[in-house]
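Structure first, commentary second.
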Amino acid sequence: MMMTAPFVFSRVISGEKLRTQGGVCNAIHVFIQTNPFREQDPQYGGSIVIPLPNASADTRLLERAALFGLKKIYRGGFAYKKAASC
């Protein structure tokens, strides 16, 4: 499975942003999608919400949850355009 730069960046930033704002989250939403404007390519989009055991702003926990979610929705053979977690 290929990790994309936007996905890695969003995972790290989400924990930092939560801590800066004094916030926590109790779930993480992960999504991936192909380019809908490239109609000649196979299309796929997937998303999943991963509940966290405890509300947290810990980047390590958010990272593990995001990777778990990505592994659940990732399908090989597609040219993904967008991947993120929030």
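Each chain in the structure tokens gets a letter, A, B, ..., in the order shown, and its residues are numbered from 1; ligands are numbered from 1 in order too.
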- Task: Go through chain A and collect every residue that DSSP, computed from the backbone, puts in strand (DSSP E or B); the answer should be as a PyMOL selection string.
- Result: chain A and resi 25-34+45-56+80-85
Which polymer residues have any atom within 8 Å of an atom of Asp41 (chain A), counting only C-alpha atoms, with same-chain residues fewer than 3 positions away left out, as an mmCIF file with N, CA and C atoms, in the first residue's frame?
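Heads up, here's the output in result13.cif:
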data_model
loop_
_atom_site.group_PDB
_atom_site.id
_atom_site.type_symbol
_atom_site.label_atom_id
_atom_site.label_comp_id
_atom_site.auth_asym_id
_atom_site.auth_seq_id
_atom_site.Cartn_x
_atom_site.Cartn_y
_atom_site.Cartn_z
ATOM 1 N N ARG A 38 -11.268 12.034 -14.574
ATOM 2 C CA ARG A 38 -10.585 11.105 -15.482
ATOM 3 C C ARG A 38 -11.509 9.903 -15.695
ATOM 4 N N PHE A 78 -6.017 1.249 -8.378
ATOM 5 C CA PHE A 78 -6.647 2.535 -8.662
ATOM 6 C C PHE A 78 -5.613 3.647 -8.567
ATOM 7 N N ALA A 79 -5.781 4.676 -9.382
ATOM 8 C CA ALA A 79 -4.917 5.861 -9.331
ATOM 9 C C ALA A 79 -5.609 6.882 -8.422
#
- Could you pull the residues within 8 Å of region 61-69 of chain A, counting only C-alpha atoms, minus those fewer than 2 positions along the same chain, as number ranges by chain? A: 11-12, 15, 28-30, 48-50, 52, 56-59, 71-73, 85
**OP:** Quick one: pick out all helix (DSSP H, G or I) residues within chain A from a backbone DSSP run and write them as an NGL selection string.
**Re:** :A and (5-21 or 59-73)
What does the distance between CA of Tyr80 (chain A) and CA of Pro51 (chain A) come to in Å, to one decimal place?
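For CA of Tyr80 (chain A) relative to CA of Pro51 (chain A), the distance reads 24.5 Å.
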